[in-house]
$ cat query.cif   # mmCIF, C-alpha atoms
data_my_file
#
loop_
_atom_site.label_atom_id
_atom_site.label_comp_id
_atom_site.auth_asym_id
_atom_site.auth_seq_id
_atom_site.Cartn_x
_atom_site.Cartn_y
_atom_site.Cartn_z
CA MET X 1 74.83 31.53 -10.83
CA ARG X 2 71.26 31.62 -9.61
CA VAL X 3 69.34 30.16 -12.57
CA ILE X 4 65.56 30.52 -12.71
CA PHE X 5 64.05 27.98 -15.12
CA ALA X 6 60.79 28.33 -17.05
CA GLY X 7 59.42 25.39 -19.04
CA THR X 8 56.58 22.89 -19.21
CA PRO X 9 56.89 19.71 -21.37
CA GLU X 10 59.43 16.89 -21.47
CA PHE X 11 61.67 18.90 -23.82
CA ALA X 12 62.11 21.45 -21.03
CA ALA X 13 62.43 18.88 -18.24
CA ILE X 14 65.44 17.32 -19.98
CA ALA X 15 67.12 20.75 -20.02
CA LEU X 16 66.33 21.45 -16.37
CA ASP X 17 67.73 18.07 -15.38
CA ALA X 18 70.99 18.87 -17.21
CA ILE X 19 71.24 22.31 -15.57
CA LEU X 20 70.82 20.81 -12.12
CA ALA X 21 73.27 18.00 -12.89
CA ALA X 22 75.84 20.64 -13.89
CA GLY X 23 75.63 22.07 -10.38
CA TYR X 24 73.58 25.21 -10.95
CA PHE X 25 71.26 26.45 -8.22
CA ALA X 26 67.63 27.00 -9.23
CA PRO X 27 65.93 29.32 -6.71
CA LEU X 28 62.65 29.10 -8.65
CA VAL X 29 61.04 26.99 -11.36
CA LEU X 30 58.17 28.33 -13.46
CA THR X 31 55.80 25.99 -15.27
CA GLN X 32 52.24 26.12 -16.57
CA PRO X 33 49.34 25.37 -14.19
CA ASP X 34 48.27 21.74 -13.86
CA ARG X 35 45.90 20.66 -16.63
CA PRO X 36 43.29 17.89 -16.94
CA ALA X 37 44.63 15.02 -19.03
CA GLY X 38 43.97 11.39 -19.91
CA ARG X 39 40.66 9.56 -20.23
CA GLY X 40 39.69 10.47 -16.68
CA MET X 41 40.68 14.12 -17.24
CA ALA X 42 42.43 14.19 -13.86
CA MET X 43 44.64 17.18 -13.10
CA GLN X 44 48.19 16.42 -14.17
CA ALA X 45 51.46 18.14 -13.30
CA SER X 46 53.79 19.04 -16.16
CA PRO X 47 57.05 17.08 -16.59
CA VAL X 48 58.94 20.16 -15.40
CA LYS X 49 56.83 20.37 -12.23
CA GLN X 50 57.36 16.68 -11.55
CA LEU X 51 61.12 17.12 -11.83
CA ALA X 52 61.06 20.26 -9.65
CA LEU X 53 59.13 18.42 -6.95
CA LYS X 54 61.61 15.55 -7.11
CA HIS X 55 64.41 18.02 -6.34
CA SER X 56 62.31 20.02 -3.81
CA LEU X 57 62.64 23.20 -5.87
CA PRO X 58 60.35 26.20 -5.30
CA LEU X 59 57.56 26.32 -7.90
CA HIS X 60 55.57 29.16 -9.46
CA GLN X 61 52.61 28.34 -11.75
CA PRO X 62 50.87 31.60 -12.72
CA PRO X 63 48.30 31.51 -15.55
CA SER X 64 50.02 34.60 -16.97
CA LEU X 65 52.94 36.89 -16.12
CA LYS X 66 51.24 40.23 -16.69
CA SER X 67 50.45 41.14 -13.08
CA GLU X 68 52.81 42.45 -10.42
CA ALA X 69 51.75 39.57 -8.17
CA ALA X 70 52.85 37.04 -10.81
CA ARG X 71 56.21 38.79 -11.20
CA GLN X 72 57.02 39.18 -7.51
CA PRO X 73 58.27 35.60 -6.86
CA ILE X 74 60.71 36.04 -9.77
CA ILE X 75 62.01 39.29 -8.30
CA ASP X 76 62.29 37.71 -4.86
CA ALA X 77 64.37 34.84 -6.28
CA GLN X 78 67.09 37.35 -7.24
CA PRO X 79 68.09 35.48 -10.42
CA ASP X 80 71.34 36.03 -12.26
CA ILE X 81 69.78 34.52 -15.38
CA MET X 82 66.60 32.83 -16.58
CA VAL X 83 66.53 29.83 -18.92
CA VAL X 84 63.32 29.34 -20.91
CA ALA X 85 62.39 26.19 -22.84
CA ALA X 86 58.91 25.54 -24.28
CA TYR X 87 57.29 27.40 -21.39
CA GLY X 88 54.09 28.30 -23.24
CA LEU X 89 53.58 31.78 -21.78
CA ILE X 90 54.72 35.09 -23.25
CA LEU X 91 57.36 36.81 -21.14
CA PRO X 92 56.66 40.56 -21.02
CA GLN X 93 59.57 42.99 -21.02
CA ALA X 94 59.16 43.50 -17.28
CA ILE X 95 60.07 39.82 -16.79
CA LEU X 96 62.94 39.87 -19.28
CA ASP X 97 64.48 42.77 -17.37
CA ILE X 98 64.58 41.02 -13.99
CA PRO X 99 67.60 38.66 -14.30
CA ARG X 100 70.97 40.40 -14.06
CA LEU X 101 72.29 38.58 -17.16
CA GLY X 102 69.00 38.43 -19.03
CA CYS X 103 67.02 35.44 -20.31
CA LEU X 104 68.14 32.57 -22.53
CA ASN X 105 65.84 30.51 -24.71
CA ILE X 106 66.41 26.97 -26.01
CA HIS X 107 64.78 26.98 -29.43
CA ALA X 108 64.47 23.77 -31.46
CA SER X 109 65.42 25.13 -34.88
CA LEU X 110 68.25 26.79 -36.76
CA LEU X 111 67.12 30.38 -36.35
CA PRO X 112 65.92 32.46 -38.08
CA ARG X 113 64.21 29.49 -39.77
CA TRP X 114 61.13 28.32 -37.91
CA ARG X 115 60.60 30.94 -35.27
CA GLY X 116 57.50 30.18 -33.25
CA ALA X 117 55.56 27.42 -31.54
CA ALA X 118 56.04 24.23 -33.59
CA PRO X 119 59.52 24.27 -35.16
CA ILE X 120 60.09 20.50 -35.01
CA GLN X 121 56.87 19.60 -36.81
CA ARG X 122 57.20 22.41 -39.36
CA ALA X 123 60.72 21.34 -40.29
CA ILE X 124 59.52 17.80 -41.02
CA LEU X 125 56.44 19.01 -42.90
CA ALA X 126 58.62 21.18 -45.12
CA GLY X 127 60.94 18.29 -45.92
CA ASP X 128 63.96 20.07 -44.42
CA ALA X 129 67.20 18.10 -44.64
CA GLU X 130 68.40 19.38 -41.28
CA THR X 131 67.34 21.20 -38.16
CA GLY X 132 69.01 21.89 -34.84
CA VAL X 133 69.01 23.97 -31.69
CA THR X 134 69.71 27.65 -31.16
CA ILE X 135 70.48 29.14 -27.75
CA MET X 136 69.43 32.78 -27.97
CA ARG X 137 69.04 35.82 -25.76
CA MET X 138 65.38 36.66 -25.37
CA GLU X 139 63.88 40.00 -26.33
CA ALA X 140 60.34 41.25 -26.88
CA GLY X 141 60.07 39.90 -30.46
CA LEU X 142 59.08 36.31 -31.31
CA ASP X 143 62.37 34.35 -31.26
CA THR X 144 64.24 37.34 -32.68
CA GLY X 145 67.04 37.72 -30.14
CA PRO X 146 70.81 37.40 -30.67
CA MET X 147 72.13 33.85 -31.07
CA LEU X 148 74.72 32.56 -28.60
CA LEU X 149 75.14 28.96 -29.74
CA LYS X 150 73.79 26.96 -32.66
CA GLU X 151 74.21 23.32 -33.66
CA SER X 152 72.68 21.41 -36.56
CA LEU X 153 71.32 17.88 -36.86
CA PRO X 154 70.27 15.94 -39.99
CA ILE X 155 66.61 14.91 -40.19
CA ALA X 156 66.51 11.20 -40.99
CA ASP X 157 63.89 9.79 -43.35
CA THR X 158 62.66 7.71 -40.40
CA ASP X 159 62.43 10.62 -37.95
CA SER X 160 59.01 11.45 -36.53
CA ALA X 161 58.31 14.54 -34.48
CA GLY X 162 58.66 12.31 -31.44
CA THR X 163 62.11 10.92 -32.25
CA LEU X 164 63.39 14.30 -33.44
CA HIS X 165 62.00 15.95 -30.31
CA TYR X 166 64.10 13.67 -28.12
CA LYS X 167 67.29 14.23 -30.14
CA LEU X 168 66.85 18.00 -30.03
CA ALA X 169 65.95 17.99 -26.34
CA LYS X 170 69.23 16.26 -25.51
CA MET X 171 71.14 18.64 -27.76
CA GLY X 172 69.43 21.68 -26.24
CA ALA X 173 70.19 20.51 -22.71
CA ARG X 174 73.86 20.12 -23.52
CA LEU X 175 74.09 23.45 -25.33
CA VAL X 176 72.36 25.49 -22.63
CA VAL X 177 74.75 24.16 -19.99
CA GLU X 178 77.63 25.10 -22.28
CA ALA X 179 76.13 28.58 -22.71
CA LEU X 180 75.77 29.06 -18.96
CA GLN X 181 79.37 28.01 -18.39
CA CYS X 182 80.61 30.39 -21.10
CA LEU X 183 78.55 33.28 -19.72
CA GLU X 184 80.02 32.70 -16.26
CA ARG X 185 83.48 33.11 -17.77
CA GLY X 186 82.42 36.11 -19.85
CA GLU X 187 83.32 34.29 -23.06
CA LEU X 188 80.08 34.39 -25.04
CA ALA X 189 78.81 37.26 -27.19
CA GLY X 190 75.55 37.20 -29.11
CA GLU X 191 75.32 37.24 -32.90
CA PRO X 192 72.34 39.04 -34.50
CA GLN X 193 70.03 36.83 -36.52
CA PRO X 194 70.26 37.38 -40.28
CA ALA X 195 67.39 39.17 -41.96
CA GLU X 196 67.26 36.52 -44.69
CA GLY X 197 65.70 33.09 -44.26
CA VAL X 198 63.06 34.00 -41.69
CA THR X 199 60.14 31.54 -41.48
CA TYR X 200 57.45 31.04 -38.85
CA ALA X 201 56.38 27.76 -37.27
CA ALA X 202 52.70 28.27 -36.52
CA LYS X 203 51.12 26.22 -33.76
CA LEU X 204 49.69 22.93 -35.01
CA ASP X 205 45.98 22.84 -35.71
CA LYS X 206 44.35 19.42 -35.29
CA ALA X 207 42.48 19.96 -38.55
CA GLU X 208 45.82 19.91 -40.38
CA ALA X 209 46.26 16.24 -39.49
CA ALA X 210 43.45 15.16 -41.83
CA ILE X 211 45.02 13.29 -44.75
CA ASP X 212 44.17 14.78 -48.14
CA TRP X 213 44.98 12.04 -50.63
CA ARG X 214 45.03 14.57 -53.45
CA ARG X 215 48.44 15.71 -52.24
CA ALA X 216 51.73 14.13 -53.32
CA ALA X 217 52.76 10.95 -51.50
CA THR X 218 56.07 12.51 -50.43
CA LYS X 219 54.25 15.41 -48.78
CA LEU X 220 51.85 13.03 -47.04
CA SER X 221 54.72 10.94 -45.70
CA HIS X 222 56.16 14.12 -44.20
CA ALA X 223 52.78 14.86 -42.62
CA VAL X 224 52.50 11.39 -41.07
CA ARG X 225 55.93 11.80 -39.47
CA ALA X 226 55.28 15.38 -38.35
CA TYR X 227 52.00 14.48 -36.61
CA ASN X 228 53.49 11.50 -34.78
CA PRO X 229 52.87 11.37 -31.83
CA ILE X 230 50.51 14.40 -31.64
CA PRO X 231 47.86 14.65 -32.95
CA GLY X 232 48.29 11.69 -35.32
CA ALA X 233 47.47 11.78 -39.04
CA ILE X 234 43.83 10.87 -39.65
CA ALA X 235 42.20 9.20 -42.65
CA ARG X 236 38.60 8.08 -43.20
CA ILE X 237 37.27 5.03 -44.99
CA ASP X 238 33.68 3.72 -45.01
CA GLY X 239 32.76 6.35 -42.41
CA GLN X 240 35.42 5.21 -39.95
CA SER X 241 38.48 7.12 -38.74
CA VAL X 242 41.91 5.53 -38.93
CA LYS X 243 45.11 7.04 -37.56
CA ILE X 244 48.22 6.53 -39.62
CA TRP X 245 51.47 6.34 -37.67
CA GLY X 246 53.87 4.98 -40.27
CA ALA X 247 53.98 5.51 -44.04
CA GLU X 248 56.42 5.72 -46.94
CA PRO X 249 56.09 6.96 -50.52
CA VAL X 250 56.10 4.29 -53.24
CA SER X 251 55.31 4.12 -56.93
CA GLY X 252 51.70 3.71 -57.98
CA THR X 253 48.87 5.50 -59.74
CA GLY X 254 45.14 5.72 -59.28
CA GLU X 255 42.34 7.91 -58.08
CA PRO X 256 43.43 9.66 -54.86
CA GLY X 257 42.46 7.54 -51.86
CA LEU X 258 42.11 4.31 -53.84
CA VAL X 259 43.55 1.21 -52.13
CA LEU X 260 45.94 -0.34 -54.65
CA ALA X 261 47.24 -3.19 -52.51
CA ALA X 262 46.82 -4.53 -48.98
CA GLY X 263 49.09 -7.11 -47.40
CA ALA X 264 51.70 -7.87 -44.79
CA GLU X 265 54.08 -5.22 -46.15
CA GLY X 266 51.48 -2.48 -45.91
CA ILE X 267 48.46 -0.87 -47.47
CA VAL X 268 49.25 1.04 -50.67
CA VAL X 269 46.99 4.02 -51.33
CA ALA X 270 47.02 6.17 -54.47
CA CYS X 271 47.79 9.86 -53.99
CA GLY X 272 47.67 12.96 -56.14
CA GLU X 273 51.23 12.08 -57.11
CA GLY X 274 52.58 8.58 -56.48
CA ALA X 275 51.28 6.33 -53.73
CA LEU X 276 51.69 5.92 -50.00
CA ARG X 277 52.37 2.60 -48.26
CA LEU X 278 50.79 2.62 -44.80
CA THR X 279 52.87 0.52 -42.42
CA GLU X 280 51.42 1.29 -38.98
CA LEU X 281 47.76 2.12 -38.29
CA GLN X 282 45.22 2.42 -35.50
CA LYS X 283 41.45 2.14 -35.65
CA ALA X 284 39.26 4.15 -33.28
CA GLY X 285 39.50 2.66 -29.80
CA GLY X 286 42.25 0.26 -30.88
CA LYS X 287 46.01 0.00 -30.54
CA ARG X 288 48.76 1.10 -32.91
CA LEU X 289 49.50 -1.95 -35.04
CA PRO X 290 51.74 -2.98 -37.93
CA ALA X 291 49.77 -3.20 -41.17
CA ALA X 292 49.66 -7.03 -41.14
CA ASP X 293 48.06 -7.10 -37.66
CA PHE X 294 45.79 -4.16 -38.43
CA LEU X 295 44.34 -5.93 -41.47
CA ARG X 296 43.32 -8.91 -39.34
CA GLY X 297 40.84 -6.73 -37.49
CA PHE X 298 40.07 -4.16 -40.18
CA ALA X 299 39.68 -5.78 -43.58
CA LEU X 300 40.80 -3.62 -46.49
CA LYS X 301 40.98 -4.75 -50.10
CA PRO X 302 42.17 -3.24 -53.38
CA GLY X 303 39.41 -1.16 -54.89
CA GLN X 304 38.18 0.31 -51.64
CA ARG X 305 38.70 4.02 -51.29
CA PHE X 306 39.66 6.39 -48.50
CA ALA X 307 37.83 9.71 -48.51
CA ALA X 308 39.92 12.07 -50.65
CA ALA X 309 40.09 14.56 -47.80
CA ALA X 310 39.60 13.23 -44.29
CA ASP X 311 38.15 16.44 -42.95
#
$ encode --input "query.cif" --output "structure tokens"
Amino acid sequence: MRVIFAGTPEFAAIALDAILAAGYFAPLVLTQPDRPAGRGMAMQASPVKQLALKHSLPLHQPPSLKSEAARQPIIDAQPDIMVVAAYGLILPQAILDIPRLGCLNIHASLLPRWRGAAPIQRAILAGDAETGVTIMRMEAGLDTGPMLLKESLPIADTDSAGTLHYKLAKMGARLVVEALQCLERGELAGEPQPAEGVTYAAKLDKAEAAIDWRRAATKLSHAVRAYNPIPGAIARIDGQSVKIWGAEPVSGTGEPGLVLAAGAEGIVVACGEGALRLTELQKAGGKRLPAADFLRGFALKPGQRFAAAAD
């Protein structure tokens, strides 16, 4: 089959790599335009573009897909099917209608739970026990299409958005290859999504990452994991910002934000319910450090207090 691929971040690049390794021909790869990134704000190619260039695959990077000019390269590629993974652009119906066998999407949740832009982070924030990957046929609605394959994965207490992202990317890559192989043999029929259990995973807002110590410690531990590695949970103390990369709920009581203990095992901070032990932190302009090393360069003592809400 002629498989057009549309995707942008590392999650998508892992899937494209698996599709190519399985022997499928990609007459065209779509990815978002290069963006400025890093401290120097130099233009940077997406992981998908970098992989496409490595394999000398034709590239198409339109800022949108609404115009006839943007659609023409897709038509010219004569695709049998399109695979979409974290592309970042809405595909209008005119695009969905081009491939002979339609468009497949690799979605990092157990649909219909967590339709939308940030399913991995939202699953962790909600304290879900499991998540997974759904391979679905795309239609005009937001992640509403029929499901072809679905596989679940437990969310470990130690999982961050970063570690879970990698697990789900590998799962999605394997499942989409399986779906393509089944479609070639005519063995795969779609199953409509149930009407019950629909939730939406809104795009992350950086303001959400501000730690509000008035919340329960369990909820805050979920937030720290969900915002790792982007954008990083932020707390403020004595007018300074501190990013929190590792934390776990523990017993303890006190005014929200109050430092109850500070030592090699971590910094214990009172919350609205329970307390949170901070195990990995980063001061502005510094490196991510275990609590013991962080305290050598950023002295904190019991009795000091983080701002109740870091916004």
$ resolve_selection --input "query.cif" --expression "the PyMOL selection byres ((chain X and resi 71) around 12)" --output "MDAnalysis selection string"
chainID X and resid 28 30 60:70 72:78 91:99
$ residues_around --input "query.cif" --residues "X:Leu59" --least-positions-apart "6" --cutoff "10 Å" --atoms "all atoms listed in the file" --output "VMD selection string"
chain X and resid 5 to 6 27 to 31 48 to 49 52 to 53 73
$ residues_around --input "query.cif" --residues "X:Gly132" --least-positions-apart "6" --cutoff "9 Å" --atoms "all atoms listed in the file" --output "list in words"
His107, Ala108, Ser109, Leu110, Leu111, Lys150, Glu151, Ser152, Leu153, Pro154, Leu168, Met171 and Gly172 of chain X
$ closest_atom_pairs --input "query.cif" --of "stretch 225-304 of chain X" --to "stretch 186-204 of chain X" --cutoff "10 Å" --atoms "all atoms listed in the file" --output "JSON lines"
{"residue": "X:Ala226", "atom": "CA", "partner": "X:Leu204", "partner_atom": "CA", "distance": 10.0}
{"residue": "X:Tyr227", "atom": "CA", "partner": "X:Leu204", "partner_atom": "CA", "distance": 8.9}
{"residue": "X:Ile230", "atom": "CA", "partner": "X:Leu204", "partner_atom": "CA", "distance": 9.2}
{"residue": "X:Pro231", "atom": "CA", "partner": "X:Leu204", "partner_atom": "CA", "distance": 8.7}
$ closest_residue --input "query.cif" --among "X:Met82, X:Ala209, X:Leu183, X:Leu175" --to "X:Gln121" --atoms "all atoms listed in the file"
X:Ala209
$ axis_aligned_box --input "query.cif" --around "stretch 90-96 of chain X" --padding-each-side "8 Å" --output "AutoDock Vina command-line options"
--center_x 58.8 --center_y 39.3 --center_z -20.0 --size_x 24.2 --size_y 24.4 --size_z 22.5
$ atom_distance --input "query.cif" --atom1 "atom CA of X:Pro58" --atom2 "atom CA of X:Ile4"
10.0 Å
$ closest_residue --input "query.cif" --among "X:Asp143, X:Asp159, X:Glu265, X:Asp17" --to "X:Leu57" --atoms "all atoms listed in the file"
X:Asp17
$ build_atoms --input "query.cif" --residues "stretch 195-218 of chain X" --atoms "N, CA and C atoms" --output "PDB file, in the frame of the given file"
ATOM      1  N   ALA X 195      68.707  38.739 -41.503  1.00  0.00           N
ATOM      2  CA  ALA X 195      67.390  39.170 -41.960  1.00  0.00           C
ATOM      3  C   ALA X 195      66.816  38.207 -42.991  1.00  0.00           C
ATOM      4  N   GLU X 196      67.695  37.463 -43.663  1.00  0.00           N
ATOM      5  CA  GLU X 196      67.260  36.520 -44.690  1.00  0.00           C
ATOM      6  C   GLU X 196      66.938  35.165 -44.063  1.00  0.00           C
ATOM      7  N   GLY X 197      66.000  34.464 -44.677  1.00  0.00           N
ATOM      8  CA  GLY X 197      65.700  33.090 -44.260  1.00  0.00           C
ATOM      9  C   GLY X 197      64.727  32.973 -43.109  1.00  0.00           C
ATOM     10  N   VAL X 198      64.008  34.038 -42.797  1.00  0.00           N
ATOM     11  CA  VAL X 198      63.060  34.000 -41.690  1.00  0.00           C
ATOM     12  C   VAL X 198      61.794  33.230 -42.093  1.00  0.00           C
ATOM     13  N   THR X 199      61.415  32.231 -41.299  1.00  0.00           N
ATOM     14  CA  THR X 199      60.140  31.540 -41.480  1.00  0.00           C
ATOM     15  C   THR X 199      59.494  31.370 -40.110  1.00  0.00           C
ATOM     16  N   TYR X 200      58.178  31.143 -40.107  1.00  0.00           N
ATOM     17  CA  TYR X 200      57.450  31.040 -38.850  1.00  0.00           C
ATOM     18  C   TYR X 200      56.768  29.680 -38.721  1.00  0.00           C
ATOM     19  N   ALA X 201      56.937  29.080 -37.552  1.00  0.00           N
ATOM     20  CA  ALA X 201      56.380  27.760 -37.270  1.00  0.00           C
ATOM     21  C   ALA X 201      55.090  27.923 -36.480  1.00  0.00           C
ATOM     22  N   ALA X 202      53.986  28.078 -37.188  1.00  0.00           N
ATOM     23  CA  ALA X 202      52.700  28.270 -36.520  1.00  0.00           C
ATOM     24  C   ALA X 202      52.339  27.053 -35.677  1.00  0.00           C
ATOM     25  N   LYS X 203      51.603  27.297 -34.610  1.00  0.00           N
ATOM     26  CA  LYS X 203      51.120  26.220 -33.760  1.00  0.00           C
ATOM     27  C   LYS X 203      50.295  25.238 -34.575  1.00  0.00           C
ATOM     28  N   LEU X 204      50.434  23.947 -34.267  1.00  0.00           N
ATOM     29  CA  LEU X 204      49.690  22.930 -35.010  1.00  0.00           C
ATOM     30  C   LEU X 204      48.191  23.045 -34.744  1.00  0.00           C
ATOM     31  N   ASP X 205      47.435  22.895 -35.804  1.00  0.00           N
ATOM     32  CA  ASP X 205      45.980  22.840 -35.710  1.00  0.00           C
ATOM     33  C   ASP X 205      45.576  21.383 -35.990  1.00  0.00           C
ATOM     34  N   LYS X 206      44.742  20.827 -35.133  1.00  0.00           N
ATOM     35  CA  LYS X 206      44.350  19.420 -35.290  1.00  0.00           C
ATOM     36  C   LYS X 206      43.756  19.145 -36.664  1.00  0.00           C
ATOM     37  N   ALA X 207      43.092  20.146 -37.234  1.00  0.00           N
ATOM     38  CA  ALA X 207      42.480  19.960 -38.550  1.00  0.00           C
ATOM     39  C   ALA X 207      43.521  19.690 -39.628  1.00  0.00           C
ATOM     40  N   GLU X 208      44.755  20.148 -39.406  1.00  0.00           N
ATOM     41  CA  GLU X 208      45.820  19.910 -40.380  1.00  0.00           C
ATOM     42  C   GLU X 208      46.148  18.431 -40.538  1.00  0.00           C
ATOM     43  N   ALA X 209      45.861  17.643 -39.499  1.00  0.00           N
ATOM     44  CA  ALA X 209      46.260  16.240 -39.490  1.00  0.00           C
ATOM     45  C   ALA X 209      45.366  15.358 -40.349  1.00  0.00           C
ATOM     46  N   ALA X 210      44.317  15.927 -40.933  1.00  0.00           N
ATOM     47  CA  ALA X 210      43.450  15.160 -41.830  1.00  0.00           C
ATOM     48  C   ALA X 210      44.172  14.913 -43.149  1.00  0.00           C
ATOM     49  N   ILE X 211      44.305  13.657 -43.523  1.00  0.00           N
ATOM     50  CA  ILE X 211      45.020  13.290 -44.750  1.00  0.00           C
ATOM     51  C   ILE X 211      44.186  13.666 -45.976  1.00  0.00           C
ATOM     52  N   ASP X 212      44.787  14.425 -46.863  1.00  0.00           N
ATOM     53  CA  ASP X 212      44.170  14.780 -48.140  1.00  0.00           C
ATOM     54  C   ASP X 212      44.917  14.003 -49.223  1.00  0.00           C
ATOM     55  N   TRP X 213      44.310  12.947 -49.700  1.00  0.00           N
ATOM     56  CA  TRP X 213      44.980  12.040 -50.630  1.00  0.00           C
ATOM     57  C   TRP X 213      45.267  12.683 -51.987  1.00  0.00           C
ATOM     58  N   ARG X 214      44.748  13.883 -52.202  1.00  0.00           N
ATOM     59  CA  ARG X 214      45.030  14.570 -53.450  1.00  0.00           C
ATOM     60  C   ARG X 214      46.435  15.174 -53.470  1.00  0.00           C
ATOM     61  N   ARG X 215      47.079  15.192 -52.325  1.00  0.00           N
ATOM     62  CA  ARG X 215      48.440  15.710 -52.240  1.00  0.00           C
ATOM     63  C   ARG X 215      49.445  14.644 -52.678  1.00  0.00           C
ATOM     64  N   ALA X 216      50.681  15.064 -52.912  1.00  0.00           N
ATOM     65  CA  ALA X 216      51.730  14.130 -53.320  1.00  0.00           C
ATOM     66  C   ALA X 216      52.084  13.181 -52.177  1.00  0.00           C
ATOM     67  N   ALA X 217      52.440  11.951 -52.512  1.00  0.00           N
ATOM     68  CA  ALA X 217      52.760  10.950 -51.500  1.00  0.00           C
ATOM     69  C   ALA X 217      53.935  11.390 -50.621  1.00  0.00           C
ATOM     70  N   THR X 218      54.918  12.049 -51.216  1.00  0.00           N
ATOM     71  CA  THR X 218      56.070  12.510 -50.430  1.00  0.00           C
ATOM     72  C   THR X 218      55.617  13.496 -49.360  1.00  0.00           C
TER      73      THR X 218
END
